[in-house]
Every structure is written in structure tokens, then in C-alpha cells.
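Report on the structure given below.
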Amino acid sequence: MDENLRRDIILDNYQNPRNKETVLDERYIKVNSNNESCIDDINIYVLIEDNILKDIKFDGDACAISTSSTSIMIQNLIGKSIEEAKLYIKNFEAMVNELDYDSELLNESIVYNEIYKQNNRKNCALLPYVGIKKILNN
């Protein structure tokens with residue numbers, strides 16, 4: 001991927017994160033993800049109906065990588081079944097950890113395909129996935 005396009009996608013999702021909003025609706029499941037070694041601290045809110053992730057929101061404070069990763073993740077997961085979401089997450093984690101993955105499933109999240117080169121940033125990119133997995137695995 002072109003470095004300028006990668007940077008533009010990450011910056012756009014950081015400066016204009018999609019679905020960033022505090023949710024008070026009791027139908028949503030809330031989970032917190034934080035990185036103990038930095039400022040990253042996000043809440044993820046998921047509305048699941050009939051085994052489908054109908055809506056996902058997030059709020060909190062985080063770095064550019066965590067915020068953009070959360071924004072992109074949410075865009076990719078809304079409307080998916082729980083099993084489809086788990087497959088997407090499995091492929092994202094494989095990509096970040098330099099394992100085999102299906103790039104066709106990842107859409108814009110492919111911008112993190114070289115994040116492994118900055119090992120300390122892997123946690124930032126994976127932070128929202130830690131939270132959403134807590135919800136999906138319960």
C-alpha cells in the first residue's frame with residue numbers, strides 16, 4: 001500500500017473517528033480496553049441482535065493508532081454475524097503478528113499490515129480487538 005494513502009487513512013480515522021459516541025442505552029454491552037503503558041483507554045459499546053452486531057460505538061482517549069484502529073474496526077464489524085466478526089478479528093490479529101491472513105477480509109484495516117515493524121505500536125492497533133473479543137467470546 002502506498003505510504004501516503006496509509007497515512008491519510010489512519011489520520012482521517014483519528015481526526016474524524018467514525019461511531020465515536022458515548023452510549024447510555026442499556027441494550028448495548030460495554031467493555032473497557034486500556035493500555036497500562038500509555039494513555040489509551042477506550043470504552044466499546046456493542047448492540048447485538050439475532051447474532052448480528054447491529055451497532056458499535058466507542059468513546060475515550062487514545063493515540064492516533066488506537067483511535068484509528070477502533071474506528072476502522074467498527075466500520076468493518078457493523079452488520080456482521082458473531083462468527084463473521086470473529087473471522088475478521090482472527091485475520092487482523094494474524095496480519096499484525098506476521099502470520100498468514102486473508103487480506104480480502106480486512107478492507108481498510110490493511111493499513112496496519114506493517115505495524116509489526118514498530119512492535120510497541122502493535123498493542124495500540126490491537127487494543128480495540130481485545131475489548132470486542134471480550135464481548136464476542138461471552
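Lettering and numbering for the C-alpha cells are positional, with chains as A, B, ... in the shown order, residues counted from 1 in each chain, and ligands counted from 1 in the shown order.
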
- Query: What are the DSSP helix (DSSP H, G or I) residues of stretch 5-123 of chain A, as an MDAnalysis selection string?
  - Reply: chainID A and resid 5:15 64:77 82:96 103:105 107:112 115:117 119:123

- Item | Close residues, A:Asp61 itself excluded, 9 Å, only C-alpha atoms, min 2 positions apart in chain, as a PyMOL selection string | chain A and resi 39-42+59+63+67

Output file for the selection above: C-alpha atoms, as a PDB file, in the first residue's frame:
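Contents of part_37.pdb, as written:
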```
ATOM      1  CA  ILE A  39      -2.903   6.962  27.665  1.00  0.00           C
ATOM      2  CA  ASP A  40      -5.036   4.563  25.602  1.00  0.00           C
ATOM      3  CA  ASP A  41      -8.337   3.985  27.407  1.00  0.00           C
ATOM      4  CA  ILE A  42     -11.454   3.271  25.364  1.00  0.00           C
ATOM      5  CA  ASP A  59     -15.525   6.702  23.458  1.00  0.00           C
ATOM      6  CA  CYS A  63      -3.381   7.699  20.482  1.00  0.00           C
ATOM      7  CA  THR A  67      -8.307   5.602  17.765  1.00  0.00           C
TER       8      THR A  67
END
```

Give one line per residue of stretch 80-106 of chain A that approaches stretch 112-122 of chain A to at most 10 Å, naming the two atoms of the closest pair and their distance in Å to one decimal, counting only C-alpha atoms; sort by chain then ascending residue number and deliver it as a Markdown table.
```
| residue | atom | partner | partner_atom | distance |
| --- | --- | --- | --- | --- |
| A:Phe92 | CA | A:Asn113 | CA | 8.6 |
| A:Glu93 | CA | A:Lys122 | CA | 9.6 |
| A:Ala94 | CA | A:Asn113 | CA | 9.7 |
| A:Met95 | CA | A:Asn113 | CA | 5.9 |
| A:Val96 | CA | A:Tyr116 | CA | 5.8 |
| A:Asn97 | CA | A:Tyr116 | CA | 6.5 |
| A:Glu98 | CA | A:Tyr116 | CA | 7.0 |
| A:Ser103 | CA | A:Asn113 | CA | 9.2 |
| A:Leu106 | CA | A:Asn113 | CA | 9.9 |
```

- Message: Could you check the closest approach to A:Asn91 for each of A:Asn137, A:Asn19, A:Ser33, A:Asn107 and tell me which residue wins, using only C-alpha atoms?
- Response: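 Looking only at the distances to A:Asn91, the closest residue turns out to be A:Asn107.
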
- Query: Hey, what does DSSP flag as strand (DSSP E) within stretch 23-58 of chain A? Can you give it to me as JSON, numbers by chain?
  - Reply: {"A": [29, 30, 31, 32, 33, 34, 41, 42, 43, 44, 45, 46, 47, 48, 49, 52, 53, 54, 55, 56, 57, 58]}

Output file for the selection above: C-alpha atoms, as a short mmCIF file (atom, residue, chain, number, x, y, z; two decimals), in the first residue's frame:
```
data_model
loop_
_atom_site.label_atom_id
_atom_site.label_comp_id
_atom_site.auth_asym_id
_atom_site.auth_seq_id
_atom_site.Cartn_x
_atom_site.Cartn_y
_atom_site.Cartn_z
CA ILE A 29 -22.86 -4.30 26.04
CA LYS A 30 -20.00 -2.14 27.30
CA VAL A 31 -16.38 -3.17 27.68
CA ASN A 32 -13.27 -1.16 28.52
CA SER A 33 -9.87 -1.64 26.89
CA ASN A 34 -6.83 0.17 28.13
CA ASP A 41 -8.34 3.98 27.41
CA ILE A 42 -11.45 3.27 25.36
CA ASN A 43 -14.95 2.01 26.03
CA ILE A 44 -16.62 -0.05 23.33
CA TYR A 45 -20.40 -0.39 23.18
CA VAL A 46 -21.93 -3.21 21.13
CA LEU A 47 -25.56 -3.85 20.27
CA ILE A 48 -26.11 -7.49 19.29
CA GLU A 49 -29.49 -8.61 17.97
CA ILE A 52 -25.68 -9.77 14.39
CA LEU A 53 -23.54 -6.83 15.50
CA LYS A 54 -26.21 -4.22 14.77
CA ASP A 55 -24.31 -1.23 16.11
CA ILE A 56 -20.97 -0.43 17.71
CA LYS A 57 -19.80 2.83 19.27
CA PHE A 58 -16.77 3.88 21.28
#
```

- Interatomic distance (Å, one decimal) between atom CA of A:Tyr88 and atom CA of A:Asn76: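 Interatomic distance, atom CA of A:Tyr88 to atom CA of A:Asn76: 8.2 Å.
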
- Query: When distances are computed from only C-alpha atoms, which of A:Leu5, A:Glu108, A:Asn16, A:Ala125 shows the smallest separation from A:Thr70?
  - Reply: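 Checking each candidate against A:Thr70, we get A:Ala125 as the closest.
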
- Write out as a PyMOL selection string the residues lying within 9 Å of A:Asn51, counting only C-alpha atoms and excluding same-chain residues fewer than 4 positions away. chain A and resi 80-83

Can you list, as an mmCIF file with N, CA and C atoms, in the first residue's frame, every protein, DNA or RNA residue that comes within 8 Å of A:Ser109 when you count only C-alpha atoms, leaving out same-chain residues fewer than 6 positions away?
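So out-v3.cif came out as:
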```cif
data_model
loop_
_atom_site.group_PDB
_atom_site.id
_atom_site.type_symbol
_atom_site.label_atom_id
_atom_site.label_comp_id
_atom_site.auth_asym_id
_atom_site.auth_seq_id
_atom_site.Cartn_x
_atom_site.Cartn_y
_atom_site.Cartn_z
ATOM 1 N N SER A 69 -7.572 2.639 14.605
ATOM 2 C CA SER A 69 -7.822 1.207 14.544
ATOM 3 C C SER A 69 -9.233 0.877 15.037
ATOM 4 N N ILE A 72 -11.799 2.081 12.332
ATOM 5 C CA ILE A 72 -11.810 1.180 11.176
ATOM 6 C C ILE A 72 -12.402 -0.176 11.551
ATOM 7 N N MET A 73 -12.053 -0.694 12.710
ATOM 8 C CA MET A 73 -12.591 -1.974 13.162
ATOM 9 C C MET A 73 -14.113 -1.929 13.214
ATOM 10 N N PHE A 92 -7.173 -10.122 11.293
ATOM 11 C CA PHE A 92 -6.466 -8.898 11.662
ATOM 12 C C PHE A 92 -5.305 -9.221 12.599
#
```

- Could you check how far atom CA of A:Ser68 sits from atom CA of A:Asn13, in Å to one decimal?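 Atom-to-atom, atom CA of A:Ser68 to atom CA of A:Asn13, that is 4.5 Å.
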
- Using only C-alpha atoms, pick whichever of A:Gly60, A:Lys86, A:Ile9, A:Ile65 has the shortest atom-to-atom distance to A:Val23.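 That would be A:Gly60, the residue with the smallest distance to A:Val23.
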
- Message: As an exercise, work out the distance from atom CA of A:Tyr129 to atom CA of A:Pro17 in Å and give it to one decimal place.
- Response: 16.1 Å

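Comparing A:Ile135, A:Tyr101, A:Asn35, A:Asn4 by their smallest distance to A:Ser66, the closest is A:Asn35 (using only C-alpha atoms).
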
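Among A:Ala62, A:Leu77, A:Ala85, A:Met1, the residue with the shortest atom-to-atom distance to A:Leu136, counting only C-alpha atoms, is A:Ala85.
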